[in-house]
$ cat work.cif   # mmCIF, C-alpha atoms
data_upload
#
loop_
_atom_site.label_atom_id
_atom_site.label_comp_id
_atom_site.auth_asym_id
_atom_site.auth_seq_id
_atom_site.Cartn_x
_atom_site.Cartn_y
_atom_site.Cartn_z
CA MET L 1 12.31 -23.71 -9.18
CA THR L 2 8.66 -23.20 -8.20
CA LYS L 3 8.20 -19.96 -6.27
CA GLN L 4 6.07 -19.71 -3.16
CA ILE L 5 3.39 -17.03 -3.40
CA LYS L 6 3.27 -14.19 -0.87
CA LEU L 7 -0.13 -12.76 0.06
CA ALA L 8 -1.15 -9.73 2.10
CA ALA L 9 -4.56 -8.27 2.90
CA HIS L 10 -5.21 -4.54 2.52
CA PHE L 11 -7.84 -3.10 4.84
CA PRO L 12 -9.99 -1.19 2.31
CA GLY L 13 -11.09 2.40 2.63
CA VAL L 14 -8.34 4.86 1.72
CA ASN L 15 -8.95 4.32 -1.98
CA ASN L 16 -11.78 4.19 -4.51
CA THR L 17 -12.09 0.39 -4.30
CA THR L 18 -14.63 0.18 -1.48
CA VAL L 19 -18.31 -0.23 -2.37
CA TRP L 20 -19.92 1.87 0.34
CA SER L 21 -23.47 1.28 -0.88
CA ASP L 22 -23.37 -2.51 -0.51
CA PRO L 23 -25.58 -3.75 2.37
CA ALA L 24 -22.65 -5.85 3.61
CA SER L 25 -20.33 -2.83 3.85
CA GLY L 26 -19.36 -2.31 7.49
CA SER L 27 -17.67 0.22 9.74
CA GLN L 28 -14.25 1.71 9.05
CA ILE L 29 -13.87 2.62 12.72
CA ASP L 30 -15.12 -0.26 14.87
CA PHE L 31 -12.31 -2.51 16.04
CA ALA L 32 -14.50 -5.49 15.15
CA SER L 33 -13.98 -4.66 11.46
CA PHE L 34 -10.19 -4.69 11.76
CA GLU L 35 -10.30 -7.83 13.88
CA HIS L 36 -12.52 -9.68 11.38
CA LEU L 37 -10.24 -8.94 8.42
CA ALA L 38 -7.11 -9.80 10.41
CA ARG L 39 -8.52 -13.10 11.69
CA THR L 40 -9.65 -13.99 8.18
CA ALA L 41 -6.21 -13.25 6.74
CA GLU L 42 -4.55 -15.32 9.45
CA ARG L 43 -6.96 -18.19 8.86
CA GLY L 44 -5.86 -18.05 5.22
CA LYS L 45 -2.16 -18.11 6.26
CA PHE L 46 -1.53 -14.67 4.72
CA ASP L 47 1.84 -13.04 5.30
CA PHE L 48 0.58 -9.73 6.64
CA LEU L 49 -2.27 -7.24 7.03
CA PHE L 50 -1.61 -3.87 5.42
CA LEU L 51 -3.02 -0.54 6.59
CA ALA L 52 -2.85 2.56 4.43
CA GLU L 53 -3.09 5.95 6.09
CA GLY L 54 -4.73 9.21 5.10
CA LEU L 55 -3.29 12.21 6.95
CA ARG L 56 -5.99 14.59 5.73
CA LEU L 57 -9.46 14.14 4.28
CA ARG L 58 -9.28 14.68 0.55
CA GLU L 59 -11.28 17.46 -1.04
CA HIS L 60 -12.66 18.15 -4.48
CA ALA L 61 -13.79 21.63 -5.50
CA GLY L 62 -13.71 22.66 -1.85
CA LYS L 63 -15.80 19.76 -0.54
CA ILE L 64 -14.84 16.52 1.21
CA LEU L 65 -14.77 13.64 -1.26
CA ASP L 66 -17.78 11.45 -0.48
CA SER L 67 -15.74 8.32 -1.17
CA ASP L 68 -13.17 9.15 1.51
CA VAL L 69 -12.74 7.65 4.94
CA VAL L 70 -13.88 9.78 7.86
CA GLY L 71 -12.60 8.77 11.28
CA ARG L 72 -9.98 6.12 10.48
CA PRO L 73 -8.21 5.33 13.78
CA ASN L 74 -4.47 5.84 14.10
CA THR L 75 -2.47 3.13 12.32
CA THR L 76 -0.12 2.14 15.14
CA THR L 77 -3.00 2.02 17.62
CA VAL L 78 -4.92 -0.41 15.42
CA LEU L 79 -1.88 -2.61 14.82
CA ALA L 80 -1.06 -2.76 18.53
CA ALA L 81 -4.62 -3.87 19.25
CA LEU L 82 -4.49 -6.49 16.47
CA SER L 83 -1.32 -7.94 17.95
CA ALA L 84 -3.45 -9.20 20.85
CA VAL L 85 -5.96 -11.08 18.67
CA THR L 86 -3.55 -12.66 16.15
CA THR L 87 -0.56 -14.94 16.60
CA HIS L 88 1.25 -15.25 13.24
CA LEU L 89 -0.08 -12.58 10.89
CA GLY L 90 2.32 -9.75 10.06
CA LEU L 91 1.11 -6.25 10.96
CA ALA L 92 2.11 -3.58 8.44
CA GLY L 93 1.32 0.11 8.77
CA THR L 94 1.94 3.20 6.66
CA LEU L 95 3.82 6.04 8.38
CA SER L 96 5.00 9.12 6.51
CA SER L 97 8.67 10.07 6.51
CA THR L 98 7.69 13.64 5.62
CA PHE L 99 5.56 14.54 8.62
CA ASN L 100 7.10 12.36 11.35
CA GLU L 101 10.47 12.14 13.08
CA PRO L 102 12.82 9.11 13.05
CA TYR L 103 12.88 8.64 16.83
CA GLU L 104 9.10 8.47 17.20
CA VAL L 105 8.60 6.14 14.23
CA ALA L 106 11.45 3.87 15.36
CA ARG L 107 9.87 3.64 18.81
CA GLN L 108 6.33 3.05 17.50
CA VAL L 109 7.33 0.28 15.09
CA ALA L 110 9.71 -1.34 17.61
CA SER L 111 6.92 -1.31 20.20
CA ILE L 112 4.58 -3.19 17.85
CA ASP L 113 7.34 -5.67 17.05
CA HIS L 114 7.82 -6.36 20.76
CA LEU L 115 4.09 -6.56 21.50
CA SER L 116 3.45 -8.92 18.57
CA GLY L 117 6.47 -11.17 19.05
CA GLY L 118 8.20 -10.04 15.87
CA ARG L 119 5.43 -9.33 13.36
CA ALA L 120 5.76 -5.60 12.66
CA ALA L 121 6.31 -3.93 9.29
CA TRP L 122 6.57 -0.27 8.34
CA ASN L 123 5.45 1.04 4.97
CA VAL L 124 7.69 4.05 4.33
CA VAL L 125 6.00 6.75 2.26
CA THR L 126 6.63 10.36 1.38
CA SER L 127 3.80 12.88 1.52
CA PRO L 128 3.69 15.11 -1.55
CA ASP L 129 1.55 18.17 -0.98
CA ALA L 130 1.17 21.36 1.01
CA PHE L 131 -2.53 20.62 1.50
CA THR L 132 -1.67 17.69 3.79
CA GLY L 133 1.19 19.64 5.33
CA GLN L 134 -1.21 22.21 6.71
CA ASN L 135 -2.13 19.67 9.40
CA PHE L 136 1.47 19.69 10.67
CA ARG L 137 3.68 22.25 12.30
CA ARG L 138 6.06 22.53 9.34
CA GLY L 139 3.27 23.10 6.86
CA GLY L 140 4.26 23.43 3.24
CA PHE L 141 5.74 20.50 1.38
CA LEU L 142 9.01 19.17 0.04
CA LYS L 143 10.01 18.86 -3.60
CA ARG L 144 10.20 15.32 -4.93
CA GLU L 145 14.00 15.11 -4.74
CA ASP L 146 13.95 16.55 -1.22
CA ARG L 147 11.22 14.14 -0.11
CA TYR L 148 13.27 11.12 -1.15
CA ALA L 149 16.47 12.56 0.32
CA ARG L 150 14.64 12.97 3.62
CA ALA L 151 13.05 9.50 3.34
CA GLU L 152 16.39 7.81 2.66
CA GLU L 153 18.09 9.43 5.65
CA PHE L 154 14.94 8.94 7.74
CA LEU L 155 15.01 5.18 7.16
CA ALA L 156 18.76 4.95 7.73
CA THR L 157 18.35 6.82 11.03
CA VAL L 158 15.52 4.56 12.16
CA ARG L 159 17.67 1.52 11.42
CA GLU L 160 20.51 3.05 13.48
CA LEU L 161 18.12 3.38 16.42
CA TRP L 162 16.88 -0.19 16.06
CA ASP L 163 20.50 -1.41 16.01
CA SER L 164 21.69 0.79 18.87
CA TRP L 165 21.17 -1.94 21.47
CA PRO L 166 23.75 -4.72 20.93
CA PRO L 167 22.64 -8.32 21.60
CA GLY L 168 22.83 -9.30 25.27
CA THR L 169 22.46 -5.75 26.52
CA LEU L 170 19.27 -6.39 28.48
CA VAL L 171 19.97 -8.33 31.69
CA GLY L 172 17.48 -9.93 34.08
CA ASP L 173 18.43 -10.04 37.75
CA LYS L 174 15.83 -11.30 40.25
CA GLU L 175 17.38 -9.33 43.07
CA ASN L 176 18.04 -6.08 41.29
CA GLY L 177 15.41 -6.22 38.54
CA VAL L 178 15.81 -5.85 34.80
CA PHE L 179 18.45 -3.41 33.69
CA ALA L 180 20.40 -2.46 30.61
CA ARG L 181 24.11 -3.17 30.62
CA ASP L 182 25.87 -0.55 28.51
CA PRO L 183 22.90 0.21 26.22
CA GLY L 184 23.94 1.56 22.88
CA HIS L 185 23.98 5.30 22.47
CA PHE L 186 23.14 6.84 19.14
CA VAL L 187 24.56 9.91 17.45
CA HIS L 188 23.33 10.89 14.03
CA ASN L 189 24.45 14.01 12.21
CA GLY L 190 23.25 14.38 8.65
CA PRO L 191 21.73 16.89 6.22
CA GLN L 192 18.20 16.05 7.38
CA PHE L 193 18.56 15.05 11.03
CA GLY L 194 20.91 15.81 13.90
CA ILE L 195 19.96 13.73 16.95
CA HIS L 196 21.73 11.93 19.78
CA GLY L 197 20.77 10.07 22.93
CA GLU L 198 19.68 6.59 23.96
CA PHE L 199 16.92 4.55 22.40
CA THR L 200 14.40 3.37 25.02
CA LEU L 201 13.75 -0.13 23.65
CA PRO L 202 16.10 -3.11 23.29
CA ARG L 203 16.43 -4.99 20.02
CA THR L 204 13.13 -6.35 18.81
CA PRO L 205 12.35 -10.02 18.06
CA GLN L 206 13.06 -9.41 14.36
CA GLY L 207 16.09 -7.22 15.06
CA GLN L 208 14.98 -5.11 12.13
CA PRO L 209 11.21 -4.92 11.54
CA VAL L 210 10.23 -5.45 7.90
CA VAL L 211 10.37 -2.33 5.72
CA ILE L 212 7.90 -1.83 2.87
CA GLN L 213 8.12 0.92 0.27
CA ALA L 214 5.32 2.14 -1.98
CA GLY L 215 6.42 4.09 -5.01
CA ASP L 216 6.68 3.76 -8.77
CA SER L 217 8.93 6.68 -9.74
CA ASP L 218 12.57 6.14 -10.60
CA GLU L 219 13.49 7.59 -7.21
CA GLY L 220 11.05 5.21 -5.52
CA ARG L 221 12.43 2.17 -7.32
CA GLU L 222 15.99 3.12 -6.41
CA PHE L 223 15.00 3.71 -2.79
CA ALA L 224 13.34 0.29 -2.60
CA ALA L 225 16.30 -1.47 -4.22
CA LYS L 226 18.65 0.11 -1.70
CA ALA L 227 16.72 -0.26 1.52
CA ALA L 228 13.31 -2.00 1.41
CA ASP L 229 12.27 -5.60 2.03
CA VAL L 230 9.00 -5.33 0.08
CA ILE L 231 7.86 -2.93 -2.62
CA PHE L 232 4.12 -2.27 -3.00
CA SER L 233 3.50 -1.52 -6.69
CA ARG L 234 0.50 -0.87 -8.92
CA HIS L 235 1.30 -2.53 -12.27
CA GLY L 236 -1.77 -4.15 -13.76
CA THR L 237 -0.84 -6.32 -16.74
CA LEU L 238 1.46 -9.31 -16.95
CA GLU L 239 3.82 -7.45 -19.29
CA ASP L 240 3.94 -4.28 -17.17
CA GLY L 241 4.45 -6.35 -14.06
CA GLN L 242 7.36 -8.25 -15.62
CA ALA L 243 9.00 -5.02 -16.80
CA PHE L 244 8.70 -3.46 -13.34
CA PHE L 245 9.87 -6.67 -11.63
CA HIS L 246 13.04 -6.97 -13.69
CA ASP L 247 13.81 -3.25 -13.57
CA VAL L 248 13.71 -3.16 -9.76
CA LYS L 249 15.45 -6.51 -9.24
CA ARG L 250 18.37 -5.56 -11.51
CA ARG L 251 19.06 -2.54 -9.28
CA LEU L 252 19.71 -4.71 -6.21
CA ALA L 253 23.27 -5.67 -7.17
CA THR L 254 24.31 -2.01 -7.05
CA TYR L 255 23.71 -2.12 -3.30
CA GLY L 256 25.24 -5.55 -2.71
CA ARG L 257 21.85 -7.22 -2.35
CA GLU L 258 20.62 -10.58 -3.64
CA TYR L 259 17.71 -11.14 -6.02
CA GLY L 260 15.43 -12.57 -3.31
CA GLU L 261 16.07 -9.86 -0.72
CA LEU L 262 13.36 -7.58 -2.13
CA LEU L 263 9.82 -8.88 -2.69
CA ILE L 264 7.54 -7.20 -5.24
CA MET L 265 3.85 -7.28 -4.28
CA PRO L 266 1.43 -5.27 -6.44
CA ALA L 267 -2.03 -4.29 -5.25
CA ALA L 268 -4.79 -6.44 -6.74
CA THR L 269 -8.54 -6.82 -6.51
CA PHE L 270 -10.51 -10.01 -7.12
CA VAL L 271 -14.03 -11.08 -8.02
CA LEU L 272 -15.18 -14.69 -7.82
CA GLY L 273 -18.08 -16.55 -9.41
CA ASP L 274 -19.31 -20.07 -10.05
CA THR L 275 -18.35 -19.56 -13.69
CA ASP L 276 -15.91 -17.19 -15.33
CA ALA L 277 -18.81 -15.44 -17.11
CA GLU L 278 -20.68 -14.94 -13.84
CA ALA L 279 -17.56 -13.48 -12.23
CA GLU L 280 -17.08 -11.08 -15.16
CA GLU L 281 -20.65 -9.84 -14.86
CA HIS L 282 -20.29 -9.41 -11.10
CA ALA L 283 -17.01 -7.52 -11.62
CA ARG L 284 -18.75 -5.15 -14.04
CA GLU L 285 -21.50 -4.46 -11.49
CA ILE L 286 -18.93 -3.77 -8.77
CA ARG L 287 -17.02 -1.30 -10.94
CA LEU L 288 -20.26 0.55 -11.70
CA GLN L 289 -20.86 0.86 -7.96
CA GLN L 290 -17.29 2.03 -7.36
CA VAL L 291 -17.38 4.58 -10.18
CA ARG L 292 -20.69 6.31 -9.75
CA PRO L 293 -21.56 9.18 -12.12
CA ALA L 294 -20.31 11.89 -9.74
CA THR L 295 -17.14 9.90 -9.06
CA ALA L 296 -16.39 9.61 -12.79
CA ILE L 297 -16.77 13.37 -13.34
CA GLN L 298 -14.62 14.16 -10.31
CA PHE L 299 -11.89 11.85 -11.57
CA LEU L 300 -11.93 13.45 -15.02
CA GLU L 301 -11.76 16.91 -13.45
CA GLN L 302 -8.52 15.92 -11.71
CA VAL L 303 -6.86 15.77 -15.12
CA TRP L 304 -8.84 18.46 -16.95
CA SER L 305 -8.60 20.97 -14.05
CA ARG L 306 -11.96 22.29 -15.24
CA ASP L 307 -15.53 22.16 -13.99
CA LEU L 308 -17.07 19.34 -16.06
CA SER L 309 -20.27 18.95 -14.03
CA ASP L 310 -22.45 19.81 -17.04
CA TYR L 311 -21.10 16.92 -19.11
CA ASP L 312 -23.09 13.71 -19.55
CA VAL L 313 -21.21 10.92 -17.80
CA ASP L 314 -22.60 8.48 -20.35
CA GLY L 315 -21.50 10.70 -23.22
CA PRO L 316 -18.12 11.30 -24.89
CA LEU L 317 -15.07 12.98 -23.42
CA PRO L 318 -14.96 16.79 -23.51
CA GLU L 319 -13.68 18.28 -26.75
CA VAL L 320 -11.95 21.02 -24.77
CA ASP L 321 -8.41 20.24 -23.61
CA PRO L 322 -7.21 20.20 -19.98
CA ASP L 323 -5.92 23.43 -18.53
CA PRO L 324 -2.38 22.55 -17.37
CA ASP L 325 -1.89 25.96 -15.75
CA ALA L 326 -5.02 25.86 -13.60
CA GLU L 327 -5.06 25.09 -9.88
CA PRO L 328 -5.95 21.42 -9.22
CA LEU L 329 -9.56 20.81 -8.20
CA THR L 330 -8.67 17.80 -6.06
CA TRP L 331 -6.49 18.12 -2.97
CA GLY L 332 -4.94 15.37 -0.89
CA ARG L 333 -4.76 12.80 -3.67
CA VAL L 334 -1.55 12.09 -5.55
CA ARG L 335 -1.61 13.48 -9.07
CA HIS L 336 0.27 10.90 -11.12
CA GLU L 337 -0.24 12.56 -14.49
CA LYS L 338 2.65 14.96 -15.15
CA ASP L 339 1.62 15.93 -18.69
CA LEU L 340 -2.13 16.53 -18.58
CA LEU L 341 -2.45 17.19 -22.31
CA GLU L 342 -0.65 13.94 -23.13
CA THR L 343 -2.84 12.06 -20.65
CA ALA L 344 -5.97 13.48 -22.28
CA ARG L 345 -4.66 12.47 -25.70
CA LYS L 346 -4.09 8.88 -24.54
CA TRP L 347 -7.50 8.69 -22.92
CA ARG L 348 -9.20 10.00 -26.05
CA ALA L 349 -7.44 7.32 -28.08
CA ILE L 350 -8.62 4.61 -25.67
CA ALA L 351 -12.18 5.97 -25.64
CA GLU L 352 -12.29 6.17 -29.44
CA GLU L 353 -10.83 2.71 -29.96
CA LYS L 354 -13.17 1.02 -27.45
CA LYS L 355 -16.18 3.31 -27.95
CA LEU L 356 -16.22 4.32 -24.26
CA SER L 357 -18.25 6.97 -22.47
CA ILE L 358 -16.74 9.14 -19.73
CA ARG L 359 -17.80 6.71 -17.03
CA GLU L 360 -16.67 3.67 -18.99
CA LEU L 361 -13.30 5.30 -19.64
CA VAL L 362 -12.76 6.10 -15.96
CA ILE L 363 -13.55 2.47 -15.13
CA GLU L 364 -11.04 1.40 -17.79
CA VAL L 365 -8.16 3.61 -16.62
CA THR L 366 -8.66 3.26 -12.85
CA ALA L 367 -9.09 -0.52 -12.63
CA ARG L 368 -6.45 -2.12 -10.46
CA GLN L 369 -4.89 -5.46 -11.30
CA GLN L 370 -8.01 -7.60 -11.17
CA PHE L 371 -8.30 -11.36 -10.83
CA VAL L 372 -11.74 -12.36 -12.08
CA GLY L 373 -13.15 -15.85 -12.51
CA THR L 374 -13.87 -19.06 -10.68
CA PRO L 375 -11.67 -19.82 -7.66
CA SER L 376 -9.68 -22.24 -9.81
CA THR L 377 -9.19 -19.64 -12.56
CA VAL L 378 -8.09 -16.97 -10.10
CA ALA L 379 -5.64 -19.31 -8.38
CA ALA L 380 -4.15 -20.29 -11.75
CA THR L 381 -3.80 -16.65 -12.85
CA ILE L 382 -2.14 -15.56 -9.62
CA ASN L 383 0.27 -18.45 -9.91
CA GLU L 384 1.04 -17.54 -13.54
CA TYR L 385 1.98 -13.99 -12.55
CA VAL L 386 4.28 -15.17 -9.78
CA GLN L 387 5.95 -18.01 -11.65
CA SER L 388 6.56 -15.77 -14.71
CA ASP L 389 8.22 -13.08 -12.56
CA ALA L 390 5.55 -10.43 -12.81
CA ALA L 391 5.37 -10.40 -8.99
CA ASP L 392 6.42 -12.30 -5.87
CA GLY L 393 2.89 -12.09 -4.56
CA PHE L 394 0.00 -9.66 -4.14
CA VAL L 395 -1.57 -7.28 -1.68
CA LEU L 396 -5.26 -8.09 -2.06
CA VAL L 397 -7.71 -5.19 -1.78
CA PRO L 398 -11.28 -6.45 -1.24
CA HIS L 399 -14.20 -4.19 -2.09
CA LEU L 400 -16.10 -4.85 1.14
CA THR L 401 -15.25 -4.04 4.75
CA PRO L 402 -14.72 -6.27 6.67
CA THR L 403 -15.97 -9.47 5.00
CA GLY L 404 -14.50 -8.97 1.53
CA LEU L 405 -11.61 -11.38 2.07
CA ASP L 406 -13.70 -14.28 3.40
CA GLU L 407 -14.58 -15.81 0.04
CA PHE L 408 -10.98 -15.68 -1.19
CA VAL L 409 -9.69 -17.49 1.90
CA GLU L 410 -12.41 -20.12 1.73
CA LYS L 411 -12.28 -20.79 -2.01
CA VAL L 412 -9.01 -19.64 -3.62
CA VAL L 413 -6.40 -20.38 -0.95
CA PRO L 414 -7.15 -24.14 -1.00
CA HIS L 415 -6.46 -24.19 -4.78
CA LEU L 416 -3.11 -22.46 -4.25
CA GLN L 417 -2.24 -24.93 -1.49
CA GLU L 418 -3.18 -27.89 -3.70
CA ARG L 419 -0.78 -26.54 -6.34
CA GLY L 420 1.98 -26.50 -3.71
CA VAL L 421 2.66 -22.79 -4.18
CA PHE L 422 1.23 -21.47 -0.91
CA ARG L 423 1.85 -22.52 2.67
CA THR L 424 -0.48 -24.72 4.71
CA GLU L 425 1.20 -23.69 7.98
CA TYR L 426 3.20 -20.70 9.09
CA ALA L 427 6.98 -21.12 8.93
CA GLY L 428 7.83 -19.50 12.27
CA PRO L 429 6.89 -16.83 14.77
CA THR L 430 8.11 -13.68 12.98
CA LEU L 431 7.08 -11.93 9.79
CA ARG L 432 10.58 -12.37 8.39
CA ASP L 433 10.16 -16.12 8.89
CA GLN L 434 7.15 -16.02 6.56
CA LEU L 435 8.56 -13.70 3.90
CA PHE L 436 12.14 -14.92 3.50
#
$ encode --input "work.cif" --output "structure tokens"
Amino acid sequence: MTKQIKLAAHFPGVNNTTVWSDPASGSQIDFASFEHLARTAERGKFDFLFLAEGLRLREHAGKILDSDVVGRPNTTTVLAALSAVTTHLGLAGTLSSTFNEPYEVARQVASIDHLSGGRAAWNVVTSPDAFTGQNFRRGGFLKREDRYARAEEFLATVRELWDSWPPGTLVGDKENGVFARDPGHFVHNGPQFGIHGEFTLPRTPQGQPVVIQAGDSDEGREFAAKAADVIFSRHGTLEDGQAFFHDVKRRLATYGREYGELLIMPAATFVLGDTDAEAEEHAREIRLQQVRPATAIQFLEQVWSRDLSDYDVDGPLPEVDPDPDAEPLTWGRVRHEKDLLETARKWRAIAEEKKLSIRELVIEVTARQQFVGTPSTVAATINEYVQSDAADGFVLVPHLTPTGLDEFVEKVVPHLQERGVFRTEYAGPTLRDQLF
């Protein structure tokens, strides 16, 4: 059976994808930027717009990273505003389960679902470091196993709050006004949270807003299989994508869930051209702008935990090994590499095999899943990934704010529609109508 492709648009900025130096690069703060990307995504019949969130400006060697976003407005505020200028597009925002409380997140997401007519989604994340925690009253941080234990109970508690109003509870009476007839009370007593009371909002148009989870660890995969509707992954090749896809999908049965109840949507970038060769050359130029010399050295220092500023970015990797016992130089960015010496060994092997300089290696190892070619080529490749079960769809991350998605909508979406693998009209009013 031919699968229908799911597409989401990521508002760029909280990542190293954005090309800040491009003349077409716009504001990360002005509402016009968010509105433009959202309207473009809706014109292209995308499933949802996705907002990441940075809770603290990242630092490197004691200085703010020059590639970071300064002044990004609050996620829920932006999504609420976008609900007024869109009619079908899903509105997905990242909210941490580490530095928030279930009641406030349940209320924020339910409010957006009501305001938008059933288009809200919450990307549940855990926040890993004490550096970010310094912005919050608890400070500190939680160990990985504690973060996921908190996140699991956090999500379960939020769902209890969303379900606390039975259907038909809200009654309209022209004489006496609108009132709640026996609204559901909630009582939750668990290892992480002990709360009780009454939720202030009735059931939302979706009943349960869509839940997204972003995580690649074994704990993250298990969490998604148990409780999420969508998992946002980062696997770049067809083979890696298929392995991740099947690993996560096989876990669903443990929780009594069906194969299609969890959608897998990796992040992906794209570069288009009139020919495949032109697109490849343009993609190379973009990566050079994204990974400037200083950026390449900073990235390498994250793994080496050493000052490498004297090294030639166009030269070979340092002969000296990383210092696994040193304090990290970069704060506020997830450190995926657990074994720094092993990571360095792998990178040296890649650099030697492909004759790569420091900068070229960083480009090689940081590239997201990229679709590069003519619009027809890109459409065919996306379809291949989805039909071969490497993904259910993709969260597209353009390199320009806010116009980076325009070309994809104008040139690639029609090819997908002609293949019969992507909608020409929205299926219904809610985000769940589009996704499932």
$ resolve_selection --input "work.cif" --expression "the PyMOL selection byres ((chain L and resi 99) around 12)" --output "PDB file with C-alpha atoms, keeping the file's coordinate frame"
ATOM      1  CA  LEU L  55      -3.290  12.210   6.950  1.00  0.00           C
ATOM      2  CA  ARG L  56      -5.990  14.590   5.730  1.00  0.00           C
ATOM      3  CA  LEU L  95       3.820   6.040   8.380  1.00  0.00           C
ATOM      4  CA  SER L  96       5.000   9.120   6.510  1.00  0.00           C
ATOM      5  CA  SER L  97       8.670  10.070   6.510  1.00  0.00           C
ATOM      6  CA  THR L  98       7.690  13.640   5.620  1.00  0.00           C
ATOM      7  CA  ASN L 100       7.100  12.360  11.350  1.00  0.00           C
ATOM      8  CA  GLU L 101      10.470  12.140  13.080  1.00  0.00           C
ATOM      9  CA  PRO L 102      12.820   9.110  13.050  1.00  0.00           C
ATOM     10  CA  GLU L 104       9.100   8.470  17.200  1.00  0.00           C
ATOM     11  CA  VAL L 105       8.600   6.140  14.230  1.00  0.00           C
ATOM     12  CA  VAL L 124       7.690   4.050   4.330  1.00  0.00           C
ATOM     13  CA  VAL L 125       6.000   6.750   2.260  1.00  0.00           C
ATOM     14  CA  THR L 126       6.630  10.360   1.380  1.00  0.00           C
ATOM     15  CA  SER L 127       3.800  12.880   1.520  1.00  0.00           C
ATOM     16  CA  PRO L 128       3.690  15.110  -1.550  1.00  0.00           C
ATOM     17  CA  ASP L 129       1.550  18.170  -0.980  1.00  0.00           C
ATOM     18  CA  ALA L 130       1.170  21.360   1.010  1.00  0.00           C
ATOM     19  CA  THR L 132      -1.670  17.690   3.790  1.00  0.00           C
ATOM     20  CA  GLY L 133       1.190  19.640   5.330  1.00  0.00           C
ATOM     21  CA  GLN L 134      -1.210  22.210   6.710  1.00  0.00           C
ATOM     22  CA  ASN L 135      -2.130  19.670   9.400  1.00  0.00           C
ATOM     23  CA  PHE L 136       1.470  19.690  10.670  1.00  0.00           C
ATOM     24  CA  ARG L 137       3.680  22.250  12.300  1.00  0.00           C
ATOM     25  CA  ARG L 138       6.060  22.530   9.340  1.00  0.00           C
ATOM     26  CA  GLY L 139       3.270  23.100   6.860  1.00  0.00           C
ATOM     27  CA  GLY L 140       4.260  23.430   3.240  1.00  0.00           C
ATOM     28  CA  PHE L 141       5.740  20.500   1.380  1.00  0.00           C
ATOM     29  CA  LEU L 142       9.010  19.170   0.040  1.00  0.00           C
ATOM     30  CA  ARG L 147      11.220  14.140  -0.110  1.00  0.00           C
ATOM     31  CA  ARG L 150      14.640  12.970   3.620  1.00  0.00           C
ATOM     32  CA  ALA L 151      13.050   9.500   3.340  1.00  0.00           C
ATOM     33  CA  PHE L 154      14.940   8.940   7.740  1.00  0.00           C
TER      34      PHE L 154
END
$ residues_around --input "work.cif" --residues "L:Trp304" --least-positions-apart "6" --cutoff "9 Å" --atoms "all atoms listed in the file" --output "PyMOL selection string"
chain L and resi 320-324+326+328+340-341+344
$ closest_atom_pairs --input "work.cif" --of "stretch 311-387 of chain L" --to "stretch 391-407 of chain L" --cutoff "10 Å" --atoms "only C-alpha atoms" --output "CSV"
residue,atom,partner,partner_atom,distance
L:Arg368,CA,L:Val397,CA,9.3
L:Gln369,CA,L:Leu396,CA,9.6
L:Gln370,CA,L:Leu396,CA,9.5
L:Phe371,CA,L:Leu396,CA,9.8
L:Pro375,CA,L:Glu407,CA,9.2
L:Ile382,CA,L:Gly393,CA,7.9
L:Asn383,CA,L:Gly393,CA,8.7
L:Glu384,CA,L:Ala391,CA,9.5
L:Tyr385,CA,L:Ala391,CA,6.1
L:Val386,CA,L:Ala391,CA,5.0
L:Gln387,CA,L:Ala391,CA,8.1
$ residues_near_point --input "work.cif" --point "(15.4, -1.1, 5.6)" --cutoff "10 Å" --atoms "all atoms listed in the file" --output "list in words"
Trp122, Val124, Glu152, Leu155, Ala156, Val158, Arg159, Gln208, Pro209, Val210, Val211, Ile212, Gln213, Phe223, Ala224, Ala225, Lys226, Ala227, Ala228, Asp229 and Val230 of chain L
$ atom_distance --input "work.cif" --atom1 "atom CA of L:Pro205" --atom2 "atom CA of L:Ala120"
9.6 Å
$ resolve_selection --input "work.cif" --expression "the PyMOL selection byres ((chain L and resi 357) around 9)" --output "list in words"
Asp312, Val313, Asp314, Gly315, Pro316, Leu317, Ala351, Lys355, Leu356, Ile358, Arg359, Glu360, Leu361 and Val362 of chain L
$ write_last_selection --input "work.cif" --atoms "C-alpha atoms" --output "mmCIF file, keeping the file's coordinate frame"
data_model
loop_
_atom_site.group_PDB
_atom_site.id
_atom_site.type_symbol
_atom_site.label_atom_id
_atom_site.label_comp_id
_atom_site.auth_asym_id
_atom_site.auth_seq_id
_atom_site.Cartn_x
_atom_site.Cartn_y
_atom_site.Cartn_z
ATOM 1 C CA ASP L 312 -23.090 13.710 -19.550
ATOM 2 C CA VAL L 313 -21.210 10.920 -17.800
ATOM 3 C CA ASP L 314 -22.600 8.480 -20.350
ATOM 4 C CA GLY L 315 -21.500 10.700 -23.220
ATOM 5 C CA PRO L 316 -18.120 11.300 -24.890
ATOM 6 C CA LEU L 317 -15.070 12.980 -23.420
ATOM 7 C CA ALA L 351 -12.180 5.970 -25.640
ATOM 8 C CA LYS L 355 -16.180 3.310 -27.950
ATOM 9 C CA LEU L 356 -16.220 4.320 -24.260
ATOM 10 C CA ILE L 358 -16.740 9.140 -19.730
ATOM 11 C CA ARG L 359 -17.800 6.710 -17.030
ATOM 12 C CA GLU L 360 -16.670 3.670 -18.990
ATOM 13 C CA LEU L 361 -13.300 5.300 -19.640
ATOM 14 C CA VAL L 362 -12.760 6.100 -15.960
#
$ closest_residue --input "work.cif" --among "L:Ser111, L:Thr377, L:Thr87, L:Gln290" --to "L:Gly273" --atoms "only C-alpha atoms"
L:Thr377
$ atom_distance --input "work.cif" --atom1 "atom CA of L:Phe11" --atom2 "atom CA of L:Arg119"
17.0 Å
$ closest_residue --input "work.cif" --among "L:Glu35, L:Glu280, L:Glu219, L:Glu160" --to "L:Glu198" --atoms "only C-alpha atoms"
L:Glu160
